[in-house]
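**Q** So here's upload-v3.json (JSON, C-alpha atoms and all ligand atoms).
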[["chain", "number", "residue", "atom", "x", "y", "z"],
["A", 82, "VAL", "CA", 58.10, 54.13, 15.47],
["A", 83, "SER", "CA", 61.48, 52.90, 16.51],
["A", 84, "ALA", "CA", 59.85, 50.84, 19.22],
["A", 85, "HIS", "CA", 58.78, 48.38, 16.61],
["A", 86, "ARG", "CA", 61.19, 45.52, 16.46],
["A", 87, "GLY", "CA", 61.04, 45.13, 12.71],
["A", 88, "LEU", "CA", 61.57, 48.78, 12.07],
["A", 89, "ALA", "CA", 64.42, 48.87, 14.50],
["A", 90, "LEU", "CA", 65.89, 46.11, 12.43],
["A", 91, "LEU", "CA", 65.46, 48.24, 9.35],
["A", 92, "ALA", "CA", 67.00, 51.25, 10.98],
["A", 93, "ALA", "CA", 69.93, 49.17, 12.10],
["A", 94, "GLY", "CA", 70.56, 47.98, 8.60],
["A", 95, "VAL", "CA", 73.93, 49.16, 7.43],
["A", 96, "LEU", "CA", 73.86, 50.52, 3.93],
["A", 97, "ALA", "CA", 77.42, 49.67, 3.16],
["A", 98, "ALA", "CA", 76.29, 48.00, 0.00],
["A", 99, "GLY", "CA", 74.86, 51.27, -1.23],
["A", 100, "LEU", "CA", 72.00, 51.23, -3.60],
["A", 101, "VAL", "CA", 71.33, 47.93, -5.24],
["A", 102, "ALA", "CA", 68.40, 47.77, -7.56],
["A", 103, "CYS", "CA", 65.84, 45.13, -6.83],
["A", 104, "HIS", "CA", 65.19, 43.10, -9.89],
["A", 105, "GLY", "CA", 62.19, 41.31, -8.69],
["A", 106, "GLY", "CA", 64.03, 38.36, -7.37],
["A", 107, "ALA", "CA", 65.51, 37.59, -10.73],
["A", 108, "GLU", "CA", 68.96, 36.19, -10.91],
["A", 109, "VAL", "CA", 70.58, 39.43, -11.90],
["A", 110, "ALA", "CA", 71.76, 40.76, -8.57],
["A", 111, "PRO", "CA", 75.41, 40.55, -7.64],
["A", 112, "ALA", "CA", 76.46, 37.17, -6.37],
["A", 113, "ALA", "CA", 74.47, 35.99, -3.44],
["A", 114, "LEU", "CA", 76.04, 34.50, -0.37],
["A", 115, "PRO", "CA", 73.35, 32.36, 1.11],
["A", 116, "VAL", "CA", 73.90, 30.71, 4.44],
["A", 117, "LEU", "CA", 73.10, 27.06, 4.61],
["A", 118, "THR", "CA", 70.37, 27.02, 7.13],
["A", 119, "SER", "CA", 67.86, 24.63, 8.49],
["A", 120, "LEU", "CA", 64.90, 26.62, 9.58],
["A", 121, "GLU", "CA", 62.34, 24.80, 11.56],
["A", 122, "ALA", "CA", 59.18, 24.03, 9.76],
["A", 123, "THR", "CA", 56.54, 26.62, 10.31],
["A", 124, "PRO", "CA", 54.64, 25.77, 13.48],
["A", 125, "THR", "CA", 51.50, 25.99, 11.52],
["A", 126, "THR", "CA", 48.02, 25.60, 12.70],
["A", 127, "THR", "CA", 46.78, 22.51, 10.95],
["A", 128, "ALA", "CA", 47.82, 20.28, 8.17],
["A", 129, "PRO", "CA", 46.47, 21.27, 4.79],
["A", 130, "THR", "CA", 43.30, 19.41, 4.10],
["A", 131, "HIS", "CA", 42.57, 19.63, 0.46],
["A", 132, "VAL", "CA", 39.04, 18.37, 0.22],
["A", 133, "GLU", "CA", 38.51, 18.99, -3.41],
["A", 134, "PRO", "CA", 40.72, 19.91, -6.27],
["A", 135, "THR", "CA", 40.71, 23.58, -7.06],
["A", 136, "PRO", "CA", 39.55, 24.15, -10.62],
["A", 137, "ALA", "CA", 42.35, 26.60, -11.21],
["A", 138, "ARG", "CA", 45.05, 24.24, -10.15],
["A", 139, "ALA", "CA", 46.67, 23.20, -13.35],
["A", 140, "SER", "CA", 48.58, 20.02, -13.57],
["A", 141, "PRO", "CA", 52.19, 20.87, -12.96],
["A", 142, "THR", "CA", 54.45, 20.18, -15.86],
["A", 143, "ALA", "CA", 57.39, 19.55, -13.62],
["A", 144, "PRO", "CA", 57.68, 16.73, -11.11],
["A", 145, "ALA", "CA", 56.20, 18.08, -7.93],
["A", 146, "PRO", "CA", 58.06, 17.20, -4.77],
["A", 147, "SER", "CA", 54.90, 17.55, -2.77],
["A", 148, "PRO", "CA", 52.88, 14.50, -1.87],
["A", 149, "THR", "CA", 49.36, 14.37, -3.14],
["A", 150, "PRO", "CA", 47.15, 15.63, -0.34],
["A", 151, "GLU", "CA", 44.80, 13.07, 1.08],
["A", 152, "PRO", "CA", 41.17, 14.05, 0.92],
["A", 153, "SER", "CA", 39.75, 14.80, 4.31],
["A", 154, "LEU", "CA", 36.95, 12.59, 5.59],
["A", 155, "ALA", "CA", 35.03, 15.54, 6.91],
["A", 156, "PRO", "CA", 33.29, 17.62, 4.30],
["A", 157, "GLY", "CA", 33.68, 21.36, 4.35],
["A", 158, "PRO", "CA", 35.84, 24.04, 2.87],
["A", 159, "LYS", "CA", 39.50, 23.27, 2.81],
["A", 160, "GLN", "CA", 41.87, 25.51, 4.64],
["A", 161, "LEU", "CA", 43.55, 27.85, 2.23],
["A", 162, "THR", "CA", 47.31, 28.13, 2.20],
["A", 163, "VAL", "CA", 49.21, 31.27, 1.27],
["A", 164, "VAL", "CA", 52.91, 31.01, 0.55],
["A", 165, "LEU", "CA", 54.69, 34.25, 1.40],
["A", 166, "ASP", "CA", 58.10, 34.74, -0.13],
["A", 167, "PRO", "CA", 60.15, 37.58, 1.35],
["A", 168, "GLY", "CA", 62.62, 38.40, -1.40],
["A", 169, "HIS", "CA", 66.40, 38.00, -0.97],
["A", 170, "GLY", "CA", 67.95, 37.23, 2.43],
["A", 171, "GLY", "CA", 71.35, 36.29, 3.75],
["A", 172, "PRO", "CA", 74.64, 38.15, 4.03],
["A", 173, "THR", "CA", 74.91, 39.40, 0.46],
["A", 174, "ALA", "CA", 71.44, 38.96, -1.00],
["A", 175, "VAL", "CA", 70.44, 42.36, 0.27],
["A", 176, "GLY", "CA", 68.20, 43.54, -2.53],
["A", 177, "ALA", "CA", 67.72, 47.27, -2.78],
["A", 178, "ALA", "CA", 69.01, 49.50, 0.01],
["A", 179, "ALA", "CA", 68.72, 53.25, 0.53],
["A", 180, "HIS", "CA", 67.35, 55.91, 2.87],
["A", 181, "GLY", "CA", 67.50, 53.61, 5.88],
["A", 182, "VAL", "CA", 65.61, 50.76, 4.26],
["A", 183, "VAL", "CA", 67.29, 47.44, 3.56],
["A", 184, "GLU", "CA", 65.08, 45.48, 1.24],
["A", 185, "LYS", "CA", 65.73, 41.96, 2.53],
["A", 186, "ASP", "CA", 64.82, 43.07, 6.06],
["A", 187, "SER", "CA", 61.85, 45.12, 4.93],
["A", 188, "ASN", "CA", 60.51, 42.22, 2.86],
["A", 189, "LEU", "CA", 60.71, 39.81, 5.80],
["A", 190, "GLU", "CA", 59.14, 42.24, 8.25],
["A", 191, "MET", "CA", 56.28, 42.88, 5.83],
["A", 192, "ALA", "CA", 55.69, 39.16, 5.32],
["A", 193, "LEU", "CA", 55.51, 38.56, 9.08],
["A", 194, "ARG", "CA", 53.14, 41.50, 9.40],
["A", 195, "LEU", "CA", 50.94, 40.15, 6.63],
["A", 196, "GLU", "CA", 51.03, 36.67, 8.11],
["A", 197, "LYS", "CA", 49.37, 37.93, 11.29],
["A", 198, "LEU", "CA", 46.51, 39.48, 9.33],
["A", 199, "LEU", "CA", 45.96, 36.38, 7.21],
["A", 200, "VAL", "CA", 46.03, 34.01, 10.18],
["A", 201, "GLU", "CA", 43.34, 36.18, 11.77],
["A", 202, "GLN", "CA", 41.28, 35.39, 8.66],
["A", 203, "GLY", "CA", 41.72, 31.66, 9.20],
["A", 204, "ILE", "CA", 44.21, 31.33, 6.40],
["A", 205, "ARG", "CA", 47.24, 29.08, 6.73],
["A", 206, "VAL", "CA", 50.49, 30.91, 6.01],
["A", 207, "VAL", "CA", 53.87, 29.42, 5.24],
["A", 208, "MET", "CA", 56.99, 31.42, 4.50],
["A", 209, "THR", "CA", 59.99, 30.64, 2.35],
["A", 210, "ARG", "CA", 62.18, 32.17, 5.06],
["A", 211, "ARG", "CA", 61.62, 33.47, 8.57],
["A", 212, "SER", "CA", 65.03, 34.94, 9.21],
["A", 213, "ASP", "CA", 67.79, 36.76, 7.38],
["A", 214, "SER", "CA", 68.84, 33.73, 5.42],
["A", 215, "ALA", "CA", 68.49, 31.78, 2.23],
["A", 216, "PRO", "CA", 65.09, 30.10, 1.83],
["A", 217, "VAL", "CA", 64.05, 26.88, 3.50],
["A", 218, "GLY", "CA", 65.47, 23.91, 1.67],
["A", 219, "TYR", "CA", 68.32, 25.79, 0.05],
["A", 220, "GLU", "CA", 71.28, 23.57, -0.43],
["A", 221, "GLY", "CA", 73.95, 25.24, -2.43],
["A", 222, "PRO", "CA", 77.21, 27.09, -2.32],
["A", 223, "THR", "CA", 77.78, 28.72, 1.03],
["A", 224, "ALA", "CA", 80.47, 31.00, -0.32],
["A", 225, "GLU", "CA", 80.02, 33.47, -3.14],
["A", 226, "GLY", "CA", 77.93, 31.30, -5.36],
["A", 227, "GLY", "CA", 77.04, 33.71, -8.12],
["A", 228, "PHE", "CA", 74.63, 32.42, -10.70],
["A", 229, "SER", "CA", 74.45, 28.95, -9.18],
["A", 230, "ALA", "CA", 73.51, 30.21, -5.73],
["A", 231, "GLN", "CA", 70.94, 32.62, -7.09],
["A", 232, "ARG", "CA", 69.30, 29.98, -9.24],
["A", 233, "LEU", "CA", 69.24, 27.41, -6.42],
["A", 234, "ASP", "CA", 67.88, 30.02, -4.04],
["A", 235, "LEU", "CA", 64.95, 30.80, -6.33],
["A", 236, "GLN", "CA", 64.32, 27.13, -7.11],
["A", 237, "ALA", "CA", 64.16, 26.39, -3.37],
["A", 238, "ARG", "CA", 61.41, 28.99, -2.98],
["A", 239, "ILE", "CA", 59.41, 27.34, -5.76],
["A", 240, "ASP", "CA", 59.92, 23.83, -4.41],
["A", 241, "PHE", "CA", 58.89, 24.97, -0.94],
["A", 242, "ALA", "CA", 55.69, 26.52, -2.25],
["A", 243, "ASN", "CA", 54.76, 23.34, -4.10],
["A", 244, "ALA", "CA", 55.62, 21.06, -1.18],
["A", 245, "GLU", "CA", 53.41, 23.15, 1.10],
["A", 246, "GLY", "CA", 50.48, 22.88, -1.29],
["A", 247, "GLY", "CA", 50.06, 26.62, -1.57],
["A", 248, "ASP", "CA", 46.90, 28.06, -3.06],
["A", 249, "ILE", "CA", 48.74, 31.22, -3.96],
["A", 250, "PHE", "CA", 52.37, 32.31, -3.99],
["A", 251, "LEU", "CA", 53.20, 35.92, -3.17],
["A", 252, "SER", "CA", 56.72, 37.21, -3.49],
["A", 253, "ILE", "CA", 57.28, 40.44, -1.54],
["A", 254, "HIS", "CA", 59.89, 42.97, -2.67],
["A", 255, "SER", "CA", 60.59, 46.67, -2.79],
["A", 256, "ASN", "CA", 62.20, 48.38, -5.71],
["A", 257, "GLY", "CA", 65.37, 50.37, -6.20],
["A", 258, "SER", "CA", 66.58, 52.68, -8.91],
["A", 259, "THR", "CA", 69.59, 54.81, -9.65],
["A", 260, "SER", "CA", 67.13, 57.63, -10.34],
["A", 261, "PRO", "CA", 65.97, 59.16, -7.05],
["A", 262, "THR", "CA", 62.75, 60.39, -8.63],
["A", 263, "THR", "CA", 61.63, 56.92, -9.74],
["A", 264, "ARG", "CA", 58.94, 55.79, -7.37],
["A", 265, "GLY", "CA", 55.68, 53.93, -6.97],
["A", 266, "LEU", "CA", 54.03, 50.57, -6.69],
["A", 267, "GLU", "CA", 53.94, 47.79, -9.27],
["A", 268, "THR", "CA", 52.84, 44.16, -9.34],
["A", 269, "TRP", "CA", 54.25, 41.51, -11.64],
["A", 270, "TYR", "CA", 52.34, 38.52, -12.98],
["A", 271, "ASP", "CA", 52.81, 35.87, -15.64],
["A", 272, "PRO", "CA", 49.92, 35.67, -18.14],
["A", 273, "ASN", "CA", 51.26, 32.59, -19.87],
["A", 274, "ARG", "CA", 50.85, 29.98, -17.18],
["A", 275, "PRO", "CA", 47.81, 27.64, -17.27],
["A", 276, "PHE", "CA", 46.37, 29.80, -14.46],
["A", 277, "GLY", "CA", 47.38, 33.07, -16.10],
["A", 278, "ASP", "CA", 43.92, 34.58, -15.64],
["A", 279, "ARG", "CA", 44.15, 34.00, -11.91],
["A", 280, "ASN", "CA", 47.64, 35.47, -11.83],
["A", 281, "LEU", "CA", 46.23, 38.61, -13.42],
["A", 282, "LEU", "CA", 43.30, 38.72, -10.99],
["A", 283, "LEU", "CA", 45.59, 38.36, -8.00],
["A", 284, "ALA", "CA", 47.97, 41.03, -9.28],
["A", 285, "ARG", "CA", 45.14, 43.45, -9.97],
["A", 286, "LEU", "CA", 43.67, 43.00, -6.49],
["A", 287, "LEU", "CA", 47.06, 43.42, -4.82],
["A", 288, "GLN", "CA", 47.83, 46.58, -6.74],
["A", 289, "THR", "CA", 44.38, 48.06, -6.15],
["A", 290, "HIS", "CA", 44.10, 47.30, -2.45],
["A", 291, "VAL", "CA", 47.61, 48.41, -1.50],
["A", 292, "LEU", "CA", 47.20, 51.70, -3.37],
["A", 293, "ARG", "CA", 43.85, 52.22, -1.69],
["A", 294, "GLU", "CA", 45.22, 51.59, 1.80],
["A", 295, "LEU", "CA", 48.18, 53.87, 1.14],
["A", 296, "ARG", "CA", 45.83, 56.66, 0.08],
["A", 297, "ALA", "CA", 43.76, 56.12, 3.24],
["A", 298, "TYR", "CA", 46.99, 56.34, 5.21],
["A", 299, "GLY", "CA", 47.71, 59.65, 3.51],
["A", 300, "TYR", "CA", 50.21, 58.76, 0.82],
["A", 301, "ASN", "CA", 49.35, 59.07, -2.83],
["A", 302, "ALA", "CA", 51.72, 56.43, -4.19],
["A", 303, "LEU", "CA", 52.43, 56.44, -7.89],
["A", 304, "ASP", "CA", 50.53, 53.64, -9.63],
["A", 305, "ARG", "CA", 53.08, 51.97, -11.89],
["A", 306, "GLY", "CA", 50.47, 49.42, -12.82],
["A", 307, "LEU", "CA", 50.45, 45.72, -13.50],
["A", 308, "GLN", "CA", 53.58, 44.36, -15.11],
["A", 309, "ASP", "CA", 53.40, 41.45, -17.53],
["A", 310, "ASP", "CA", 56.57, 39.44, -16.91],
["A", 311, "THR", "CA", 56.68, 37.74, -20.31],
["A", 312, "CYS", "CA", 59.78, 39.66, -21.35],
["A", 313, "PHE", "CA", 61.05, 40.58, -17.92],
["A", 314, "ARG", "CA", 64.49, 40.20, -19.42],
["A", 315, "VAL", "CA", 65.86, 39.11, -22.73],
["A", 316, "PHE", "CA", 68.71, 36.63, -22.91],
["A", 317, "ASN", "CA", 70.15, 35.81, -26.33],
["A", 318, "GLY", "CA", 67.10, 37.31, -27.97],
["A", 319, "VAL", "CA", 64.73, 35.10, -26.00],
["A", 320, "CYS", "CA", 62.20, 36.55, -23.58],
["A", 321, "ARG", "CA", 62.53, 35.31, -20.02],
["A", 322, "PRO", "CA", 59.83, 35.78, -17.39],
["A", 323, "LEU", "CA", 60.54, 36.10, -13.70],
["A", 324, "PHE", "CA", 62.00, 32.81, -12.53],
["A", 325, "VAL", "CA", 59.65, 32.44, -9.56],
["A", 326, "LEU", "CA", 56.52, 33.18, -11.59],
["A", 327, "GLY", "CA", 57.29, 31.67, -14.96],
["A", 328, "PRO", "CA", 56.93, 28.18, -16.42],
["A", 329, "PRO", "CA", 59.63, 25.51, -16.20],
["A", 330, "ARG", "CA", 62.77, 26.90, -17.78],
["A", 331, "GLU", "CA", 65.39, 25.05, -19.74],
["A", 332, "THR", "CA", 68.94, 26.13, -19.04],
["A", 333, "THR", "CA", 71.82, 24.89, -21.14],
["A", 334, "VAL", "CA", 75.26, 24.12, -19.81],
["A", 335, "GLU", "CA", 76.59, 26.82, -22.13],
["A", 336, "GLU", "CA", 74.40, 29.43, -20.49],
["A", 337, "VAL", "CA", 75.43, 28.31, -17.03],
["A", 338, "LEU", "CA", 79.10, 28.58, -17.91],
["A", 339, "ARG", "CA", 78.67, 31.90, -19.68],
["A", 340, "ARG", "CA", 77.00, 33.32, -16.59],
["A", 341, "GLY", "CA", 79.67, 32.04, -14.26],
["A", 342, "GLY", "CA", 77.62, 29.22, -12.80],
["A", 343, "ASP", "CA", 78.66, 25.73, -11.78],
["A", 344, "PRO", "CA", 76.82, 23.01, -13.73],
["A", 345, "LEU", "CA", 77.59, 20.39, -11.07],
["A", 346, "ALA", "CA", 76.14, 22.56, -8.30],
["A", 347, "LEU", "CA", 73.03, 23.03, -10.42],
["A", 348, "GLY", "CA", 72.52, 19.30, -10.83],
["A", 349, "PHE", "CA", 73.86, 18.65, -14.31],
["A", 350, "ALA", "CA", 74.94, 15.06, -14.81],
["A", 351, "PRO", "CA", 78.20, 14.56, -16.67],
["A", 352, "GLY", "CA", 77.54, 15.16, -20.33],
["A", 353, "GLN", "CA", 74.07, 16.56, -19.75],
["A", 354, "SER", "CA", 73.46, 19.53, -22.04],
["A", 355, "ALA", "CA", 70.45, 21.13, -20.36],
["A", 356, "ILE", "CA", 68.33, 21.02, -17.24],
["A", 357, "THR", "CA", 64.75, 22.09, -16.74],
["A", 358, "SER", "CA", 63.62, 23.99, -13.69],
["A", 359, "ARG", "CA", 60.49, 23.24, -11.67],
["A", 360, "ALA", "CA", 57.82, 25.93, -11.69],
["A", 361, "THR", "CA", 55.23, 26.85, -9.11],
["A", 362, "ASN", "CA", 52.00, 24.93, -9.55],
["A", 363, "MET", "CA", 49.78, 27.66, -8.11],
["A", 364, "PRO", "CA", 48.76, 31.18, -9.09],
["A", 365, "GLY", "CA", 51.13, 33.86, -7.90],
["A", 366, "ALA", "CA", 52.38, 37.40, -8.15],
["A", 367, "LEU", "CA", 55.38, 39.48, -7.19],
["A", 368, "ILE", "CA", 54.76, 42.89, -5.69],
["A", 369, "GLU", "CA", 57.27, 45.71, -5.54],
["A", 370, "LEU", "CA", 56.25, 47.79, -2.54],
["A", 371, "LEU", "CA", 57.54, 51.26, -3.44],
["A", 372, "PHE", "CA", 61.12, 52.37, -4.17],
["A", 373, "VAL", "CA", 63.60, 52.46, -1.32],
["A", 374, "SER", "CA", 65.65, 54.84, -3.49],
["A", 375, "ASN", "CA", 62.95, 57.51, -3.50],
["A", 376, "GLU", "CA", 62.89, 59.69, -0.41],
["A", 377, "GLN", "CA", 59.11, 59.89, -0.12],
["A", 378, "ASP", "CA", 58.54, 56.19, -0.80],
["A", 379, "ALA", "CA", 61.27, 55.24, 1.65],
["A", 380, "ALA", "CA", 59.68, 57.38, 4.35],
["A", 381, "VAL", "CA", 56.53, 55.29, 4.03],
["A", 382, "LEU", "CA", 58.58, 52.10, 4.21],
["A", 383, "ARG", "CA", 60.12, 53.39, 7.44],
["A", 384, "SER", "CA", 56.76, 54.27, 8.91],
["A", 385, "GLU", "CA", 54.94, 51.88, 11.23],
["A", 386, "THR", "CA", 51.52, 53.05, 10.09],
["A", 387, "GLY", "CA", 52.58, 53.16, 6.44],
["A", 388, "ARG", "CA", 53.78, 49.59, 6.61],
["A", 389, "GLN", "CA", 50.64, 48.45, 8.38],
["A", 390, "ALA", "CA", 48.57, 50.13, 5.67],
["A", 391, "MET", "CA", 50.39, 48.15, 3.00],
["A", 392, "ALA", "CA", 49.99, 44.93, 4.98],
["A", 393, "ARG", "CA", 46.25, 45.60, 5.27],
["A", 394, "GLY", "CA", 46.05, 46.12, 1.52],
["A", 395, "LEU", "CA", 47.88, 42.88, 0.82],
["A", 396, "ALA", "CA", 45.64, 40.93, 3.19],
["A", 397, "ALA", "CA", 42.45, 42.44, 1.78],
["A", 398, "ALA", "CA", 43.57, 41.57, -1.74],
["A", 399, "ILE", "CA", 44.25, 37.96, -0.85],
["A", 400, "VAL", "CA", 40.93, 37.54, 0.92],
["A", 401, "GLU", "CA", 39.07, 39.08, -2.01],
["A", 402, "TYR", "CA", 40.98, 36.87, -4.44],
["A", 403, "PHE", "CA", 39.81, 33.76, -2.61],
["A", 404, "GLU", "CA", 36.26, 35.09, -2.56],
["A", 405, "GLN", "CA", 36.23, 35.94, -6.24],
["A", 406, "THR", "CA", 37.62, 32.54, -7.17],
["A", 407, "GLY", "CA", 35.00, 30.82, -5.03],
["A", 408, "GLN", "CA", 37.55, 29.28, -2.73],
["A", 409, "ARG", "CA", 36.23, 31.11, 0.31],
["B", 1, "ZN", "ZN", 63.84, 42.52, -4.52]]
Take the structure in the file and give it back as structure tokens.
**A**
Amino acid sequence: VSAHRGLALLAAGVLAAGLVACHGGAEVAPAALPVLTSLEATPTTTAPTHVEPTPARASPTAPAPSPTPEPSLAPGPKQLTVVLDPGHGGPTAVGAAAHGVVEKDSNLEMALRLEKLLVEQGIRVVMTRRSDSAPVGYEGPTAEGGFSAQRLDLQARIDFANAEGGDIFLSIHSNGSTSPTTRGLETWYDPNRPFGDRNLLLARLLQTHVLRELRAYGYNALDRGLQDDTCFRVFNGVCRPLFVLGPPRETTVEEVLRRGGDPLALGFAPGQSAITSRATNMPGALIELLFVSNEQDAAVLRSETGRQAMARGLAAAIVEYFEQTGQR
């Protein structure tokens, strides 16, 4: 087991930070300390050739930084693009950590594992990060950035997904809890987007296939079910979905200041009272692969074959999603 490079990385992870609950990539973790990094663009196979518009692709309500794909001259199915988003990353954005599993490292290793399986299926894969760092395109505070850094980090993941013309967006996390008996698998989705039905379909397939593969591996993971992110958290009596899955979000300067953020770093012009975030323009889901804080779950996360089982489940779900939506 320890021969595997990724697992060795996990084992080497120092748990000095102790247990930090994963909050699904929401901006509730302690201040992040992203490193300004310029990762090379993914040496991907081919350029995306979007032959025809996907029926599910809703018109984005936010200005999309991505250029409109040129239709290919050759007819045929377009190559599908999956955006994988390993949660957290960087010196302080650790995520959950316990029992020898450091979430940011585990998330990245799982995404790379899944990438191999998807590429074998002829699917183009891009990743919001390929190292222990902030996501591609992150330009923000390099010191303790708190709310500002966390928000910019998550926005960079969204912008990257849109620029790459993703057909789906999958954020990969594992959970953490202060209760050692809390365990299991759950998948978050947003039902309120224009493609909310596809979000639900994707989430259901991910949950089902990963549970199935874990059972085949020999672990009866607790099914925590599908999680509607509509009221993921409540701020000032208003429901807020997960930032990376939800619609464009308006944030006032008052909120930024109250949460210790820097309006200038977040792009507020002088005198501007609110900004609106850009949302993903593709279906997506966020999966929490077991609880690092539960001994039995963590043992699976440390296991080569357990991890490969989960990767197989994720890949099978994605392939079936594309089949069921007629994209493949
Ligand atoms: Zn997380």
**Q** Using only C-alpha atoms, determine which residues lie at most 12 Å from Glu335 (chain A), disregarding the query and same-chain residues fewer than 5 positions distant; provide the list as a PyMOL selection string.
**A** chain A and resi 317+340-344+349+352-356
**Q** With distances taken over only C-alpha atoms, which of A:Leu395, A:Ala174, A:Leu266, A:Leu189 is nearest to Val373 (chain A)?
**A**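 Among A:Leu395, A:Ala174, A:Leu266, A:Leu189, it is A:Leu266 that comes nearest to Val373 (chain A).
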**Q** Nearest to Ser255 (chain A): which of A:Gln160, A:Gln377, A:Thr311, A:Asn188 is it, counting only C-alpha atoms?
**A**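 The answer is A:Asn188, which sits nearest to Ser255 (chain A).
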**Q** Rounded to one decimal, what separation in Å do you get between CA of Arg279 (chain A) and CA of Gln308 (chain A)?
**A**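 CA of Arg279 (chain A) sits 14.4 Å away from CA of Gln308 (chain A).
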**Q** (70.7, 38.0, 2.0) in this file's frame - what residues fall within 8 Å of it? Use only C-alpha atoms and give the answer as a PyMOL selection string.
**A** chain A and resi 113-115+169-176+185+213-215
**Q** Can you pull out every residue within 6 Å of region 360-364 of chain A, counting all atoms listed in the file, but drop anything in the same chain fewer than 5 positions away, and send it as a VMD selection string?
**A** chain A and resid 141 239 248 to 249 280 328 to 329
**Q** Using only C-alpha atoms, which protein or nucleic acid residues come within 9 Å of Tyr270 (chain A)? Drop anything in the same chain fewer than 4 positions from it, and give the result as a VMD selection string.
**A** chain A and resid 277 280 to 281 283 to 284 307 to 311 323 326 to 327 365 to 368
**Q** So that I have them on file, write out the residues from the current selection with C-alpha atoms, as an mmCIF file, keeping the file's coordinate frame.
**A**
data_model
loop_
_atom_site.group_PDB
_atom_site.id
_atom_site.type_symbol
_atom_site.label_atom_id
_atom_site.label_comp_id
_atom_site.auth_asym_id
_atom_site.auth_seq_id
_atom_site.Cartn_x
_atom_site.Cartn_y
_atom_site.Cartn_z
ATOM 1 C CA GLY A 277 47.380 33.070 -16.100
ATOM 2 C CA ASN A 280 47.640 35.470 -11.830
ATOM 3 C CA LEU A 281 46.230 38.610 -13.420
ATOM 4 C CA LEU A 283 45.590 38.360 -8.000
ATOM 5 C CA ALA A 284 47.970 41.030 -9.280
ATOM 6 C CA LEU A 307 50.450 45.720 -13.500
ATOM 7 C CA GLN A 308 53.580 44.360 -15.110
ATOM 8 C CA ASP A 309 53.400 41.450 -17.530
ATOM 9 C CA ASP A 310 56.570 39.440 -16.910
ATOM 10 C CA THR A 311 56.680 37.740 -20.310
ATOM 11 C CA LEU A 323 60.540 36.100 -13.700
ATOM 12 C CA LEU A 326 56.520 33.180 -11.590
ATOM 13 C CA GLY A 327 57.290 31.670 -14.960
ATOM 14 C CA GLY A 365 51.130 33.860 -7.900
ATOM 15 C CA ALA A 366 52.380 37.400 -8.150
ATOM 16 C CA LEU A 367 55.380 39.480 -7.190
ATOM 17 C CA ILE A 368 54.760 42.890 -5.690
#
**Q** Around (49.5, 36.5, 9.3) in the file's frame, which residues reach within 12 Å when counting only C-alpha atoms? Return as an MDAnalysis selection string?
**A** chainID A and resid 125:126 162:165 190:208 392:393 395:397 399
**Q** Dump C-alpha atoms for the selected residues as a PDB file, keeping the file's coordinate frame?
**A**
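To be explicit, this is the file written out as result-v6.pdb:
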ATOM      1  CA  THR A 125      51.500  25.990  11.520  1.00  0.00           C
ATOM      2  CA  THR A 126      48.020  25.600  12.700  1.00  0.00           C
ATOM      3  CA  THR A 162      47.310  28.130   2.200  1.00  0.00           C
ATOM      4  CA  VAL A 163      49.210  31.270   1.270  1.00  0.00           C
ATOM      5  CA  VAL A 164      52.910  31.010   0.550  1.00  0.00           C
ATOM      6  CA  LEU A 165      54.690  34.250   1.400  1.00  0.00           C
ATOM      7  CA  GLU A 190      59.140  42.240   8.250  1.00  0.00           C
ATOM      8  CA  MET A 191      56.280  42.880   5.830  1.00  0.00           C
ATOM      9  CA  ALA A 192      55.690  39.160   5.320  1.00  0.00           C
ATOM     10  CA  LEU A 193      55.510  38.560   9.080  1.00  0.00           C
ATOM     11  CA  ARG A 194      53.140  41.500   9.400  1.00  0.00           C
ATOM     12  CA  LEU A 195      50.940  40.150   6.630  1.00  0.00           C
ATOM     13  CA  GLU A 196      51.030  36.670   8.110  1.00  0.00           C
ATOM     14  CA  LYS A 197      49.370  37.930  11.290  1.00  0.00           C
ATOM     15  CA  LEU A 198      46.510  39.480   9.330  1.00  0.00           C
ATOM     16  CA  LEU A 199      45.960  36.380   7.210  1.00  0.00           C
ATOM     17  CA  VAL A 200      46.030  34.010  10.180  1.00  0.00           C
ATOM     18  CA  GLU A 201      43.340  36.180  11.770  1.00  0.00           C
ATOM     19  CA  GLN A 202      41.280  35.390   8.660  1.00  0.00           C
ATOM     20  CA  GLY A 203      41.720  31.660   9.200  1.00  0.00           C
ATOM     21  CA  ILE A 204      44.210  31.330   6.400  1.00  0.00           C
ATOM     22  CA  ARG A 205      47.240  29.080   6.730  1.00  0.00           C
ATOM     23  CA  VAL A 206      50.490  30.910   6.010  1.00  0.00           C
ATOM     24  CA  VAL A 207      53.870  29.420   5.240  1.00  0.00           C
ATOM     25  CA  MET A 208      56.990  31.420   4.500  1.00  0.00           C
ATOM     26  CA  ALA A 392      49.990  44.930   4.980  1.00  0.00           C
ATOM     27  CA  ARG A 393      46.250  45.600   5.270  1.00  0.00           C
ATOM     28  CA  LEU A 395      47.880  42.880   0.820  1.00  0.00           C
ATOM     29  CA  ALA A 396      45.640  40.930   3.190  1.00  0.00           C
ATOM     30  CA  ALA A 397      42.450  42.440   1.780  1.00  0.00           C
ATOM     31  CA  ILE A 399      44.250  37.960  -0.850  1.00  0.00           C
TER      32      ILE A 399
END
**Q** Which one of A:Thr332, A:Phe372, A:Arg293, A:Thr357 sits closest to Glu267 (chain A) if you count all atoms listed in the file?
**A** A:Phe372
**Q** Kindly give the distance, in Å, that separates CA of Pro272 (chain A) and CA of Glu294 (chain A), rounded to a single decimal.
**A**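 Separating CA of Pro272 (chain A) from CA of Glu294 (chain A) is a distance of 25.9 Å.
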**Q** Between CA of Gly299 (chain A) and CA of Ser260 (chain A), what is the distance, to one decimal in Å?
**A**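 Spanning CA of Gly299 (chain A) to CA of Ser260 (chain A) is a straight-line distance of 23.9 Å.
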